[in-house]
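Undergrad: Structure: structure_39.tsv, TSV, C-alpha atoms and all ligand atoms.
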chain	number	residue	atom	x	y	z
A	1	MET	CA	66.78	-8.33	151.49
A	2	SER	CA	68.00	-8.04	155.08
A	3	GLY	CA	67.10	-10.46	157.88
A	4	SER	CA	65.54	-13.89	157.50
A	5	ALA	CA	61.91	-12.99	158.23
A	6	ILE	CA	59.60	-13.62	155.28
A	7	ARG	CA	56.72	-11.20	155.01
A	8	PRO	CA	53.32	-12.80	154.26
A	9	THR	CA	53.09	-11.23	150.81
A	10	GLU	CA	56.42	-12.78	149.87
A	11	ARG	CA	55.25	-16.21	150.96
A	12	THR	CA	52.27	-16.17	148.66
A	13	ALA	CA	53.81	-14.59	145.57
A	14	ALA	CA	55.64	-16.44	142.83
A	15	ARG	CA	58.94	-14.94	141.69
A	16	ILE	CA	58.89	-13.88	138.04
A	17	VAL	CA	62.07	-12.67	136.31
A	18	PRO	CA	62.75	-11.82	132.66
A	19	ALA	CA	64.17	-14.69	130.60
A	20	ASN	CA	67.38	-12.72	129.92
A	21	ALA	CA	70.93	-13.98	130.46
A	22	ALA	CA	70.77	-13.47	134.23
A	23	GLY	CA	67.36	-15.14	134.51
A	24	ILE	CA	68.48	-18.13	132.41
A	25	ALA	CA	71.65	-18.51	134.52
A	26	GLU	CA	69.63	-18.49	137.74
A	27	GLY	CA	67.07	-20.89	136.29
A	28	ALA	CA	69.83	-23.30	135.24
A	29	ARG	CA	71.39	-23.13	138.70
A	30	LEU	CA	68.03	-23.89	140.34
A	31	LEU	CA	67.38	-26.83	138.00
A	32	ARG	CA	70.77	-28.28	138.92
A	33	ALA	CA	69.77	-27.88	142.59
A	34	GLU	CA	66.61	-29.99	141.93
A	35	LYS	CA	64.26	-26.98	142.13
A	36	LEU	CA	61.25	-26.15	139.93
A	37	VAL	CA	61.64	-23.54	137.19
A	38	ALA	CA	58.77	-22.54	134.90
A	39	PHE	CA	59.82	-21.39	131.44
A	40	PRO	CA	58.29	-20.43	128.10
A	41	THR	CA	58.23	-22.77	125.13
A	42	GLU	CA	56.60	-22.23	121.74
A	43	THR	CA	53.64	-24.41	122.87
A	44	VAL	CA	52.77	-23.49	126.50
A	45	TYR	CA	54.75	-22.65	129.67
A	46	GLY	CA	56.50	-25.72	131.10
A	47	LEU	CA	57.09	-26.60	134.76
A	48	GLY	CA	60.69	-27.74	134.56
A	49	ALA	CA	62.80	-30.00	136.79
A	50	ASP	CA	65.90	-32.15	136.40
A	51	ALA	CA	64.53	-35.17	134.47
A	52	SER	CA	67.38	-37.36	135.70
A	53	SER	CA	66.41	-36.91	139.38
A	54	ASN	CA	63.50	-38.78	140.95
A	55	ALA	CA	63.50	-36.23	143.81
A	56	ALA	CA	63.25	-33.24	141.47
A	57	VAL	CA	60.57	-34.89	139.34
A	58	ALA	CA	58.57	-35.77	142.45
A	59	ARG	CA	58.25	-32.04	143.07
A	60	ILE	CA	56.58	-31.57	139.67
A	61	TYR	CA	53.94	-34.20	140.48
A	62	ALA	CA	53.37	-32.63	143.91
A	63	ALA	CA	53.11	-29.02	142.65
A	64	LYS	CA	50.72	-29.95	139.85
A	65	GLY	CA	48.71	-32.55	141.78
A	66	ARG	CA	49.39	-34.77	138.79
A	67	PRO	CA	48.78	-38.53	139.06
A	68	ALA	CA	52.17	-40.25	139.10
A	69	PHE	CA	51.05	-42.80	136.48
A	70	ASN	CA	51.06	-40.00	133.88
A	71	PRO	CA	54.62	-39.78	132.50
A	72	LEU	CA	56.42	-36.53	131.63
A	73	ILE	CA	58.12	-35.26	128.49
A	74	ALA	CA	61.90	-34.75	128.81
A	75	HIS	CA	63.18	-31.68	126.95
A	76	VAL	CA	66.66	-31.65	125.45
A	77	ALA	CA	68.62	-29.17	123.33
A	78	THR	CA	70.13	-31.41	120.63
A	79	LEU	CA	69.41	-34.60	118.69
A	80	ALA	CA	72.67	-36.09	120.04
A	81	GLU	CA	71.34	-35.67	123.59
A	82	ALA	CA	67.97	-37.15	122.62
A	83	SER	CA	69.79	-40.18	121.16
A	84	ARG	CA	71.41	-40.77	124.52
A	85	HIS	CA	68.00	-41.35	126.12
A	86	GLY	CA	65.85	-42.92	123.40
A	87	VAL	CA	66.27	-45.46	120.59
A	88	PHE	CA	65.34	-43.88	117.26
A	89	SER	CA	63.66	-45.99	114.58
A	90	ALA	CA	64.09	-44.85	110.97
A	91	ALA	CA	60.69	-43.11	111.18
A	92	ALA	CA	61.59	-41.40	114.46
A	93	LEU	CA	64.85	-40.13	113.02
A	94	ARG	CA	63.08	-38.77	109.94
A	95	LEU	CA	60.56	-36.89	112.11
A	96	ALA	CA	63.24	-35.56	114.47
A	97	GLU	CA	65.43	-34.31	111.64
A	98	LYS	CA	62.50	-32.65	109.91
A	99	PHE	CA	60.55	-31.15	112.82
A	100	TRP	CA	62.98	-30.55	115.71
A	101	PRO	CA	63.23	-28.04	117.24
A	102	GLY	CA	59.45	-27.88	117.21
A	103	PRO	CA	56.09	-28.85	118.77
A	104	LEU	CA	56.62	-32.60	118.33
A	105	THR	CA	57.22	-35.17	121.11
A	106	LEU	CA	58.55	-38.63	120.27
A	107	VAL	CA	57.88	-41.60	122.55
A	108	LEU	CA	60.76	-44.06	122.07
A	109	PRO	CA	62.16	-47.20	123.70
A	110	VAL	CA	64.68	-46.23	126.42
A	111	ALA	CA	68.32	-46.43	125.38
A	112	ALA	CA	70.96	-48.23	127.46
A	113	THR	CA	72.57	-44.81	128.16
A	114	ASN	CA	69.26	-43.17	129.18
A	115	LEU	CA	69.32	-40.70	132.09
A	116	VAL	CA	65.60	-39.87	132.30
A	117	CYS	CA	64.56	-41.20	135.70
A	118	GLU	CA	61.96	-43.83	136.37
A	119	LEU	CA	59.49	-41.42	137.96
A	120	ALA	CA	59.51	-39.13	134.90
A	121	ARG	CA	58.81	-42.23	132.78
A	122	ALA	CA	56.16	-43.45	135.25
A	123	GLY	CA	58.04	-46.72	135.37
A	124	ARG	CA	57.82	-47.41	131.64
A	125	GLU	CA	60.51	-48.72	129.33
A	126	THR	CA	59.71	-45.83	127.00
A	127	VAL	CA	60.82	-42.20	127.13
A	128	ALA	CA	59.09	-39.08	125.72
A	129	LEU	CA	61.53	-36.55	124.20
A	130	ARG	CA	61.23	-33.11	122.62
A	131	ILE	CA	63.50	-30.28	121.45
A	132	PRO	CA	61.43	-27.10	121.87
A	133	ALA	CA	61.65	-24.28	119.32
A	134	HIS	CA	61.97	-21.38	121.76
A	135	LYS	CA	65.22	-19.58	122.32
A	136	ASN	CA	64.68	-19.14	126.06
A	137	ALA	CA	63.82	-22.82	126.54
A	138	LEU	CA	66.84	-23.96	124.53
A	139	ALA	CA	69.15	-21.59	126.40
A	140	LEU	CA	67.87	-22.82	129.76
A	141	ILE	CA	68.22	-26.52	128.87
A	142	ALA	CA	71.71	-26.00	127.44
A	143	ALA	CA	72.84	-23.95	130.46
A	144	ALA	CA	71.47	-26.55	132.90
A	145	GLY	CA	73.20	-29.35	131.01
A	146	LEU	CA	70.37	-31.72	131.96
A	147	PRO	CA	67.33	-33.27	130.33
A	148	VAL	CA	64.46	-31.13	131.66
A	149	ALA	CA	61.13	-32.77	132.49
A	150	ALA	CA	58.41	-30.21	131.84
A	151	PRO	CA	54.65	-30.73	131.74
A	152	SER	CA	52.45	-27.66	131.39
A	153	ALA	CA	52.91	-25.29	134.36
A	154	ASN	CA	49.35	-25.50	135.71
A	155	ARG	CA	47.51	-27.53	138.34
A	156	SER	CA	46.61	-30.89	136.85
A	157	GLY	CA	43.39	-30.82	134.84
A	158	ARG	CA	43.18	-27.03	134.56
A	159	ILE	CA	43.77	-24.66	131.65
A	160	SER	CA	47.36	-24.61	130.35
A	161	PRO	CA	49.35	-21.36	130.86
A	162	VAL	CA	50.54	-19.29	127.91
A	163	THR	CA	51.94	-16.34	129.90
A	164	ALA	CA	54.17	-16.05	132.99
A	165	ARG	CA	51.24	-14.45	134.84
A	166	HIS	CA	49.05	-17.51	134.22
A	167	VAL	CA	51.76	-19.67	135.82
A	168	ALA	CA	52.00	-17.38	138.85
A	169	GLU	CA	48.21	-17.39	139.29
A	170	ASP	CA	48.05	-21.18	139.17
A	171	LEU	CA	51.16	-22.37	141.00
A	172	GLY	CA	52.11	-19.37	143.17
A	173	PRO	CA	55.11	-20.03	145.41
A	174	ASP	CA	55.07	-23.77	144.63
A	175	VAL	CA	57.37	-22.93	141.72
A	176	ASP	CA	60.82	-21.64	142.69
A	177	LEU	CA	61.25	-19.32	139.70
A	178	ILE	CA	59.22	-18.27	136.66
A	179	LEU	CA	61.12	-17.09	133.58
A	180	ASP	CA	59.03	-14.56	131.66
A	181	GLY	CA	59.57	-14.79	127.91
A	182	GLY	CA	56.24	-13.32	126.80
A	183	ALA	CA	53.27	-15.16	125.31
A	184	CYS	CA	53.70	-18.61	123.75
A	185	PRO	CA	53.33	-18.34	119.96
A	186	VAL	CA	51.76	-21.76	119.18
A	187	GLY	CA	49.45	-21.93	122.19
A	188	VAL	CA	48.60	-25.67	122.31
A	189	GLU	CA	50.79	-28.53	123.53
A	190	SER	CA	53.05	-30.66	121.34
A	191	THR	CA	51.85	-33.42	119.04
A	192	ILE	CA	52.87	-36.79	120.55
A	193	ILE	CA	53.97	-39.62	118.26
A	194	ALA	CA	55.00	-43.06	119.53
A	195	CYS	CA	57.70	-44.74	117.41
A	196	LEU	CA	57.97	-48.15	119.03
A	197	GLY	CA	59.27	-51.02	116.90
A	198	GLU	CA	57.47	-51.07	113.57
A	199	THR	CA	54.52	-48.97	114.69
A	200	THR	CA	54.18	-45.21	114.47
A	201	GLN	CA	51.14	-43.88	116.24
A	202	LEU	CA	49.57	-40.50	116.98
A	203	LEU	CA	48.99	-40.37	120.75
A	204	ARG	CA	47.88	-36.73	120.98
A	205	PRO	CA	47.16	-34.10	118.33
A	206	GLY	CA	49.02	-30.85	118.97
A	207	GLY	CA	50.96	-27.95	117.57
A	208	LEU	CA	52.42	-29.88	114.62
A	209	CYS	CA	49.55	-30.90	112.37
A	210	ARG	CA	48.90	-34.47	111.27
A	211	ALA	CA	49.14	-33.73	107.54
A	212	LEU	CA	52.77	-32.56	107.81
A	213	ILE	CA	53.74	-35.68	109.75
A	214	GLU	CA	51.95	-37.99	107.31
A	215	GLU	CA	53.66	-36.24	104.41
A	216	ALA	CA	57.09	-36.68	106.00
A	217	LEU	CA	56.45	-40.38	106.71
A	218	GLY	CA	54.66	-41.08	103.44
A	219	LEU	CA	51.83	-42.85	105.26
A	220	ALA	CA	48.53	-42.17	107.01
A	221	LEU	CA	48.77	-42.25	110.81
A	222	PRO	CA	46.37	-44.77	112.29
A	223	GLU	CA	44.06	-43.53	115.03
A	224	ARG	CA	45.13	-44.43	118.52
A	225	VAL	CA	43.79	-47.86	119.50
A	226	ALA	CA	41.88	-47.50	122.77
A	227	SER	CA	43.29	-50.74	124.19
A	228	HIS	CA	46.89	-49.66	123.52
A	229	GLU	CA	48.87	-49.92	126.75
A	230	ILE	CA	50.14	-46.34	126.55
A	231	VAL	CA	48.05	-44.03	128.70
A	232	ALA	CA	46.50	-41.24	126.67
A	233	PRO	CA	47.90	-37.77	127.31
A	234	GLY	CA	45.74	-36.02	129.81
A	235	ALA	CA	44.43	-39.57	130.21
A	236	LEU	CA	41.37	-38.42	132.08
A	237	ALA	CA	38.60	-37.29	129.76
A	238	SER	CA	38.20	-34.04	131.74
A	239	HIS	CA	41.25	-31.84	131.28
A	240	TYR	CA	41.99	-28.20	130.43
A	241	ALA	CA	38.84	-27.46	132.43
A	242	PRO	CA	37.67	-23.93	133.31
A	243	SER	CA	35.35	-23.46	136.32
A	244	ALA	CA	32.42	-22.68	134.04
A	245	LEU	CA	30.69	-25.41	132.04
A	246	VAL	CA	31.66	-25.55	128.39
A	247	ARG	CA	29.10	-25.97	125.55
A	248	LEU	CA	30.60	-26.91	122.18
A	249	ASN	CA	29.49	-26.20	118.59
A	250	ALA	CA	27.15	-23.42	119.71
A	251	GLU	CA	25.38	-21.51	116.95
A	252	ARG	CA	24.33	-18.65	119.25
A	253	LEU	CA	24.67	-17.44	122.86
A	254	GLU	CA	22.05	-18.27	125.48
A	255	PRO	CA	21.31	-15.70	128.21
A	256	GLY	CA	24.05	-15.58	130.86
A	257	GLU	CA	26.58	-17.39	128.69
A	258	ALA	CA	30.02	-16.15	127.74
A	259	GLY	CA	30.99	-16.74	124.11
A	260	LEU	CA	34.22	-18.13	122.70
A	261	ASP	CA	33.75	-17.27	119.07
A	262	PHE	CA	35.55	-18.19	115.85
A	263	GLY	CA	35.18	-16.27	112.62
A	264	GLY	CA	32.56	-13.80	113.89
A	265	ARG	CA	29.61	-16.17	114.25
A	266	PHE	CA	28.14	-14.77	117.49
A	267	SER	CA	26.74	-11.26	117.83
A	268	GLN	CA	29.72	-9.36	119.22
A	269	GLY	CA	29.48	-7.81	122.68
A	270	PRO	CA	31.26	-7.66	126.01
A	271	ALA	CA	30.42	-11.31	126.77
A	272	THR	CA	32.24	-12.58	123.69
A	273	LEU	CA	35.87	-13.08	122.68
A	274	ASP	CA	36.68	-14.13	119.12
A	275	LEU	CA	39.60	-16.59	118.79
A	276	SER	CA	40.13	-15.35	115.26
A	277	PRO	CA	37.73	-12.93	113.55
A	278	ALA	CA	39.49	-13.82	110.26
A	279	ALA	CA	38.96	-17.56	110.93
A	280	ASP	CA	42.71	-18.29	111.06
A	281	LEU	CA	43.33	-21.55	112.98
A	282	ASP	CA	46.91	-20.71	113.99
A	283	GLU	CA	45.72	-17.44	115.51
A	284	ALA	CA	42.88	-19.32	117.25
A	285	ALA	CA	45.32	-21.84	118.78
A	286	ALA	CA	47.55	-19.05	120.08
A	287	ASN	CA	44.54	-17.36	121.75
A	288	LEU	CA	42.73	-20.49	122.97
A	289	PHE	CA	43.93	-20.92	126.57
A	290	ALA	CA	44.25	-17.19	127.36
A	291	PHE	CA	40.70	-16.49	126.14
A	292	LEU	CA	39.28	-19.50	128.02
A	293	ARG	CA	40.92	-18.18	131.21
A	294	GLU	CA	39.69	-14.64	130.59
A	295	LEU	CA	36.07	-15.70	129.99
A	296	ASP	CA	36.17	-18.05	132.98
A	297	SER	CA	37.43	-15.26	135.26
A	298	ARG	CA	34.19	-13.37	134.58
A	299	GLY	CA	32.25	-16.15	136.33
A	300	PRO	CA	29.67	-17.16	133.70
A	301	VAL	CA	27.54	-20.28	134.23
A	302	SER	CA	28.79	-21.62	130.93
A	303	ILE	CA	31.03	-20.78	128.01
A	304	ALA	CA	29.53	-21.38	124.57
A	305	VAL	CA	32.12	-22.24	121.90
A	306	ALA	CA	31.50	-21.70	118.20
A	307	PRO	CA	32.25	-24.59	115.79
A	308	ILE	CA	35.94	-24.74	114.82
A	309	PRO	CA	37.18	-26.57	111.70
A	310	ARG	CA	39.09	-29.79	112.35
A	311	HIS	CA	41.84	-29.52	109.77
A	312	GLY	CA	45.43	-28.47	110.52
A	313	ILE	CA	45.93	-27.33	114.10
A	314	GLY	CA	42.11	-27.36	114.38
A	315	GLU	CA	42.43	-31.06	115.32
A	316	ALA	CA	44.38	-30.07	118.46
A	317	ILE	CA	42.04	-27.16	119.28
A	318	ASN	CA	38.99	-29.45	119.07
A	319	ASP	CA	40.77	-32.10	121.19
A	320	ARG	CA	41.44	-29.57	123.98
A	321	LEU	CA	37.90	-28.16	123.82
A	322	LYS	CA	36.37	-31.64	123.97
A	323	ARG	CA	38.30	-32.32	127.18
A	324	ALA	CA	37.40	-28.89	128.58
A	325	ALA	CA	33.73	-29.75	128.00
A	326	ALA	CA	33.90	-33.32	129.36
A	327	PRO	CA	31.94	-34.21	132.53
A	328	ARG	CA	34.05	-33.36	135.61
A	329	SER	CA	34.91	-36.09	138.07
B	1	LIG	P1	51.83	-33.56	129.02
B	1	LIG	O1	50.57	-33.99	129.69
B	1	LIG	O2	51.67	-32.42	128.07
B	1	LIG	O3	52.95	-33.37	129.99
B	1	LIG	O4	52.25	-34.77	128.09
B	1	LIG	C1	52.69	-35.95	128.62
B	1	LIG	C2	52.09	-37.10	127.88
B	1	LIG	O5	53.09	-37.71	127.07
B	1	LIG	C3	51.62	-38.20	128.80
B	1	LIG	O6	50.31	-38.01	129.23
B	1	LIG	C4	51.77	-39.46	127.94
B	1	LIG	O7	50.62	-39.70	127.17
B	1	LIG	C5	52.90	-39.10	127.02
B	1	LIG	N1	54.13	-39.72	127.52
B	1	LIG	C6	55.07	-39.10	128.23
B	1	LIG	N2	56.05	-39.95	128.57
B	1	LIG	C7	55.72	-41.14	128.05
B	1	LIG	C8	56.33	-42.42	128.09
B	1	LIG	N3	57.48	-42.65	128.69
B	1	LIG	N4	55.70	-43.42	127.47
B	1	LIG	C9	54.53	-43.20	126.85
B	1	LIG	N5	53.90	-42.01	126.79
B	1	LIG	C10	54.48	-41.00	127.39
B	2	MG	MG	49.14	-30.22	130.64
Render the structure in this file as structure tokens.
Ligand code: AMP
Ligand code: MG
TA:
Amino acid sequence: MSGSAIRPTERTAARIVPANAAGIAEGARLLRAEKLVAFPTETVYGLGADASSNAAVARIYAAKGRPAFNPLIAHVATLAEASRHGVFSAAALRLAEKFWPGPLTLVLPVAATNLVCELARAGRETVALRIPAHKNALALIAAAGLPVAAPSANRSGRISPVTARHVAEDLGPDVDLILDGGACPVGVESTIIACLGETTQLLRPGGLCRALIEEALGLALPERVASHEIVAPGALASHYAPSALVRLNAERLEPGEAGLDFGGRFSQGPATLDLSPAADLDEAAANLFAFLRELDSRGPVSIAVAPIPRHGIGEAINDRLKRAAAPRS
């Protein structure tokens, strides 16, 4: 581009590039320069910044409008790097070895050699760590050579993005670069487990289902205790919220409603999208946020959601829908 003048269209558009070698190299360079880079993971698109820099992390909170008391997950490429930042209990190590890379976040006590900055940890003596199972994400983190703080790349409280276009629609030019690696295969955020001292606790259901974690640990995970000092993920009850109201466990559509179906329960028509006609929960999770966005963009008064089973990844789907339906503040 010649000259320094920025045309209006350029000021309002986000820059999306393919997540190929050149895109990854540019993304890594921007992360090292404390800029914001959105990138695909297997769960949802992340809004990445250098997790070791308070200044870089401050930009994440500003771009998302996220309350600064809500800490961020730091993404790393190897278990050795994770061990630099967090102290692994025997249970944490078992989970990491079995499920990383993957949709599992571990909240651990900070290690003496930790680099994840205070702002990313919201001032806590704990650190949330994950190795994502997505080749673009791993390549970016490795090329940057930094822990990468990355919450979902959407305005706080809104629907999480599962395509590069969703990120551009939500964050526009507030993100310095968006790496396009196609749609996210899992479609819901990571499962968060706290391994602090003797206790192992499920803080948020997500892409890795409870039964697999319980099998690996050989114990049943206790429900999160409400009084526990750790703030719940998406601590506010209303989260993942479309503009339309959301009505759960609907048996049929009311006039004027859009339908988010599962397993072909509603009469099919233009107002309805089926998360999985074959009633497959993994397929439903992968479609969840994109279909919520699509129905919402049609401007219905409300979105009726068919009942969805709670087993497997259904626990995470129901968690997100409950928050989407919660009263808005
Ligand atoms: P997300 O909203 O997907 O970015 O997930 C971040 C969530 O992880 C937060 O809302 C917390 O519940 C949890 N979390 C992240 N960092 C920490 C930390 N240092 N200590 C405790 N929980 C954390
Ligand atoms: Mg989020």
Undergrad: Write out as JSON lines the residues of region 19-86 of chain A that have any atom within 7 Å of an atom of region 133-143 of chain A, one row each with the nearest atom pair and its distance in Å to one decimal, counting only C-alpha atoms, sorted by chain and then rising number.
TA:
{"residue": "A:Ala19", "atom": "CA", "partner": "A:Asn136", "partner_atom": "CA", "distance": 6.4}
{"residue": "A:Ile24", "atom": "CA", "partner": "A:Leu140", "partner_atom": "CA", "distance": 5.4}
{"residue": "A:Ala25", "atom": "CA", "partner": "A:Ala143", "partner_atom": "CA", "distance": 6.9}
{"residue": "A:Gly27", "atom": "CA", "partner": "A:Leu140", "partner_atom": "CA", "distance": 6.9}
{"residue": "A:Ala28", "atom": "CA", "partner": "A:Ala143", "partner_atom": "CA", "distance": 5.7}
{"residue": "A:Phe39", "atom": "CA", "partner": "A:Ala137", "partner_atom": "CA", "distance": 6.5}
{"residue": "A:Pro40", "atom": "CA", "partner": "A:Ala137", "partner_atom": "CA", "distance": 6.2}
{"residue": "A:Thr41", "atom": "CA", "partner": "A:His134", "partner_atom": "CA", "distance": 5.2}
{"residue": "A:Glu42", "atom": "CA", "partner": "A:His134", "partner_atom": "CA", "distance": 5.4}
{"residue": "A:Val76", "atom": "CA", "partner": "A:Ile141", "partner_atom": "CA", "distance": 6.4}
{"residue": "A:Ala77", "atom": "CA", "partner": "A:Leu138", "partner_atom": "CA", "distance": 5.6}
Undergrad: Determine, counting only C-alpha atoms, every residue of protein, DNA or RNA that lies within 10 Å of (63.8, -45.8, 141.9) in the file coordinates, then give the result as a PyMOL selection string.
TA: chain A and resi 53-55+117-119+123
Undergrad: Those same residues, written as a PDB file, in the frame of the given file with C-alpha atoms?
TA:
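What ended up in out.pdb:
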ATOM      1  CA  SER A  53      66.410 -36.910 139.380  1.00  0.00           C
ATOM      2  CA  ASN A  54      63.500 -38.780 140.950  1.00  0.00           C
ATOM      3  CA  ALA A  55      63.500 -36.230 143.810  1.00  0.00           C
ATOM      4  CA  CYS A 117      64.560 -41.200 135.700  1.00  0.00           C
ATOM      5  CA  GLU A 118      61.960 -43.830 136.370  1.00  0.00           C
ATOM      6  CA  LEU A 119      59.490 -41.420 137.960  1.00  0.00           C
ATOM      7  CA  GLY A 123      58.040 -46.720 135.370  1.00  0.00           C
TER       8      GLY A 123
END
Undergrad: Pick out the closest residue to Ala33 (chain A) from this set: A:Ala279, A:Lys64, A:Ser52, A:Ala241. Count all atoms listed in the file.
TA: A:Ser52
Undergrad: Would you mind reading off the distance between CA of Leu47 (chain A) and CA of Gly65 (chain A), one decimal, in Å?
TA: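 Calculated distance between CA of Leu47 (chain A) and CA of Gly65 (chain A) is 12.4 Å.
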Undergrad: Grab me every residue within 8 Å of ligand LIG 1 (chain B), counting all atoms listed in the file, and send it over as number ranges by chain.
TA: A: 70-74, 105, 107-108, 120-129, 150-152, 189-190, 192, 194, 203-204, 230-235
Undergrad: Nearest to ligand MG 2 (chain B): which of A:Ala324, A:Ala144, A:Ala216, A:Ala58 is it, counting only C-alpha atoms and all ligand atoms?
TA: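 For ligand MG 2 (chain B), the nearest of the candidates is A:Ala324.
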Undergrad: Wanna dump the chain A-ligand MG 2 (chain B) contacts at 9 Å for me, each residue with its shortest atom pair and the distance in Å to one decimal, counting only C-alpha atoms and all ligand atoms, ordered by chain and number, as a Markdown table?
TA:
| residue | atom | partner | partner_atom | distance |
| --- | --- | --- | --- | --- |
| A:Val44 | CA | B:MG2 | MG | 8.7 |
| A:Gly46 | CA | B:MG2 | MG | 8.6 |
| A:Pro151 | CA | B:MG2 | MG | 5.6 |
| A:Ser152 | CA | B:MG2 | MG | 4.3 |
| A:Ala153 | CA | B:MG2 | MG | 7.2 |
| A:Asn154 | CA | B:MG2 | MG | 6.9 |
| A:Arg155 | CA | B:MG2 | MG | 8.3 |
| A:Ser156 | CA | B:MG2 | MG | 6.7 |
| A:Gly157 | CA | B:MG2 | MG | 7.1 |
| A:Arg158 | CA | B:MG2 | MG | 7.8 |
| A:Ile159 | CA | B:MG2 | MG | 7.8 |
| A:Ser160 | CA | B:MG2 | MG | 5.9 |
| A:Pro161 | CA | B:MG2 | MG | 8.9 |
| A:Glu189 | CA | B:MG2 | MG | 7.5 |
| A:Pro233 | CA | B:MG2 | MG | 8.3 |
| A:Gly234 | CA | B:MG2 | MG | 6.8 |
| A:His239 | CA | B:MG2 | MG | 8.1 |
| A:Tyr240 | CA | B:MG2 | MG | 7.4 |
Undergrad: Selection from above, C-alpha atoms, as a PDB file, in the coordinates of the input, can you write it?
TA:
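Final output, saved to again.pdb:
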ATOM      1  CA  VAL A  44      52.770 -23.490 126.500  1.00  0.00           C
ATOM      2  CA  GLY A  46      56.500 -25.720 131.100  1.00  0.00           C
ATOM      3  CA  PRO A 151      54.650 -30.730 131.740  1.00  0.00           C
ATOM      4  CA  SER A 152      52.450 -27.660 131.390  1.00  0.00           C
ATOM      5  CA  ALA A 153      52.910 -25.290 134.360  1.00  0.00           C
ATOM      6  CA  ASN A 154      49.350 -25.500 135.710  1.00  0.00           C
ATOM      7  CA  ARG A 155      47.510 -27.530 138.340  1.00  0.00           C
ATOM      8  CA  SER A 156      46.610 -30.890 136.850  1.00  0.00           C
ATOM      9  CA  GLY A 157      43.390 -30.820 134.840  1.00  0.00           C
ATOM     10  CA  ARG A 158      43.180 -27.030 134.560  1.00  0.00           C
ATOM     11  CA  ILE A 159      43.770 -24.660 131.650  1.00  0.00           C
ATOM     12  CA  SER A 160      47.360 -24.610 130.350  1.00  0.00           C
ATOM     13  CA  PRO A 161      49.350 -21.360 130.860  1.00  0.00           C
ATOM     14  CA  GLU A 189      50.790 -28.530 123.530  1.00  0.00           C
ATOM     15  CA  PRO A 233      47.900 -37.770 127.310  1.00  0.00           C
ATOM     16  CA  GLY A 234      45.740 -36.020 129.810  1.00  0.00           C
ATOM     17  CA  HIS A 239      41.250 -31.840 131.280  1.00  0.00           C
ATOM     18  CA  TYR A 240      41.990 -28.200 130.430  1.00  0.00           C
TER      19      TYR A 240
END
Undergrad: Of the residues A:Gly314, A:Thr43, A:Gly181, A:Ala91, which is the one nearest to Gly218 (chain A), using all atoms listed in the file?
TA: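 Of A:Gly314, A:Thr43, A:Gly181, A:Ala91, the one nearest Gly218 (chain A) is A:Ala91, counting all atoms listed in the file.
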Undergrad: Please list as a PDB file with C-alpha atoms, in the frame of the given file every residue within 7 Å of region 285-294 of chain A, counting all atoms listed in the file and excluding residues in the same chain fewer than 4 positions away.
TA:
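Saved file out.pdb follows:
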ATOM      1  CA  ILE A 159      43.770 -24.660 131.650  1.00  0.00           C
ATOM      2  CA  SER A 160      47.360 -24.610 130.350  1.00  0.00           C
ATOM      3  CA  PRO A 161      49.350 -21.360 130.860  1.00  0.00           C
ATOM      4  CA  VAL A 162      50.540 -19.290 127.910  1.00  0.00           C
ATOM      5  CA  PRO A 185      53.330 -18.340 119.960  1.00  0.00           C
ATOM      6  CA  VAL A 186      51.760 -21.760 119.180  1.00  0.00           C
ATOM      7  CA  GLY A 187      49.450 -21.930 122.190  1.00  0.00           C
ATOM      8  CA  VAL A 188      48.600 -25.670 122.310  1.00  0.00           C
ATOM      9  CA  PRO A 242      37.670 -23.930 133.310  1.00  0.00           C
ATOM     10  CA  LEU A 273      35.870 -13.080 122.680  1.00  0.00           C
ATOM     11  CA  LEU A 275      39.600 -16.590 118.790  1.00  0.00           C
ATOM     12  CA  LEU A 281      43.330 -21.550 112.980  1.00  0.00           C
ATOM     13  CA  ARG A 298      34.190 -13.370 134.580  1.00  0.00           C
ATOM     14  CA  ILE A 317      42.040 -27.160 119.280  1.00  0.00           C
TER      15      ILE A 317
END
Undergrad: CA of Pro103 (chain A) and CA of Arg130 (chain A) are how many Å apart?
TA: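 Separating CA of Pro103 (chain A) from CA of Arg130 (chain A) is a distance of 7.7 Å.
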Undergrad: Hey, can you pull every residue with an atom no more than 10 Å from (29.9, -18.3, 136.7), using only C-alpha atoms, and send it as a compact mmCIF listing (two decimals) with C-alpha atoms, in the frame of the given file?
TA:
# COMPACT_ATOMS: atom_id res chain seq x y z
CA SER A 243 35.35 -23.46 136.32
CA ALA A 244 32.42 -22.68 134.04
CA LEU A 245 30.69 -25.41 132.04
CA GLY A 256 24.05 -15.58 130.86
CA GLU A 257 26.58 -17.39 128.69
CA ALA A 258 30.02 -16.15 127.74
CA LEU A 295 36.07 -15.70 129.99
CA ASP A 296 36.17 -18.05 132.98
CA SER A 297 37.43 -15.26 135.26
CA ARG A 298 34.19 -13.37 134.58
CA GLY A 299 32.25 -16.15 136.33
CA PRO A 300 29.67 -17.16 133.70
CA VAL A 301 27.54 -20.28 134.23
CA SER A 302 28.79 -21.62 130.93
CA ILE A 303 31.03 -20.78 128.01
Undergrad: For Ala49 (chain A), which residue out of A:Ala250, A:Val17, A:Ala63, A:Val148 is the nearest one, using all atoms listed in the file?
TA: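 Going through A:Ala250, A:Val17, A:Ala63, A:Val148 one by one, the smallest distance to Ala49 (chain A) is for A:Val148.
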Undergrad: Between CA of Asp280 (chain A) and CA of Leu217 (chain A), what is the distance in Å, rounded to a tenth?
TA: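 Spanning CA of Asp280 (chain A) to CA of Leu217 (chain A) is a straight-line distance of 26.4 Å.
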Undergrad: For Asp50 (chain A), which residue out of A:Cys195, A:Val116, A:Leu248, A:Ile16 is the nearest one, using all atoms listed in the file?
TA: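 Going through A:Cys195, A:Val116, A:Leu248, A:Ile16 one by one, the smallest distance to Asp50 (chain A) is for A:Val116.
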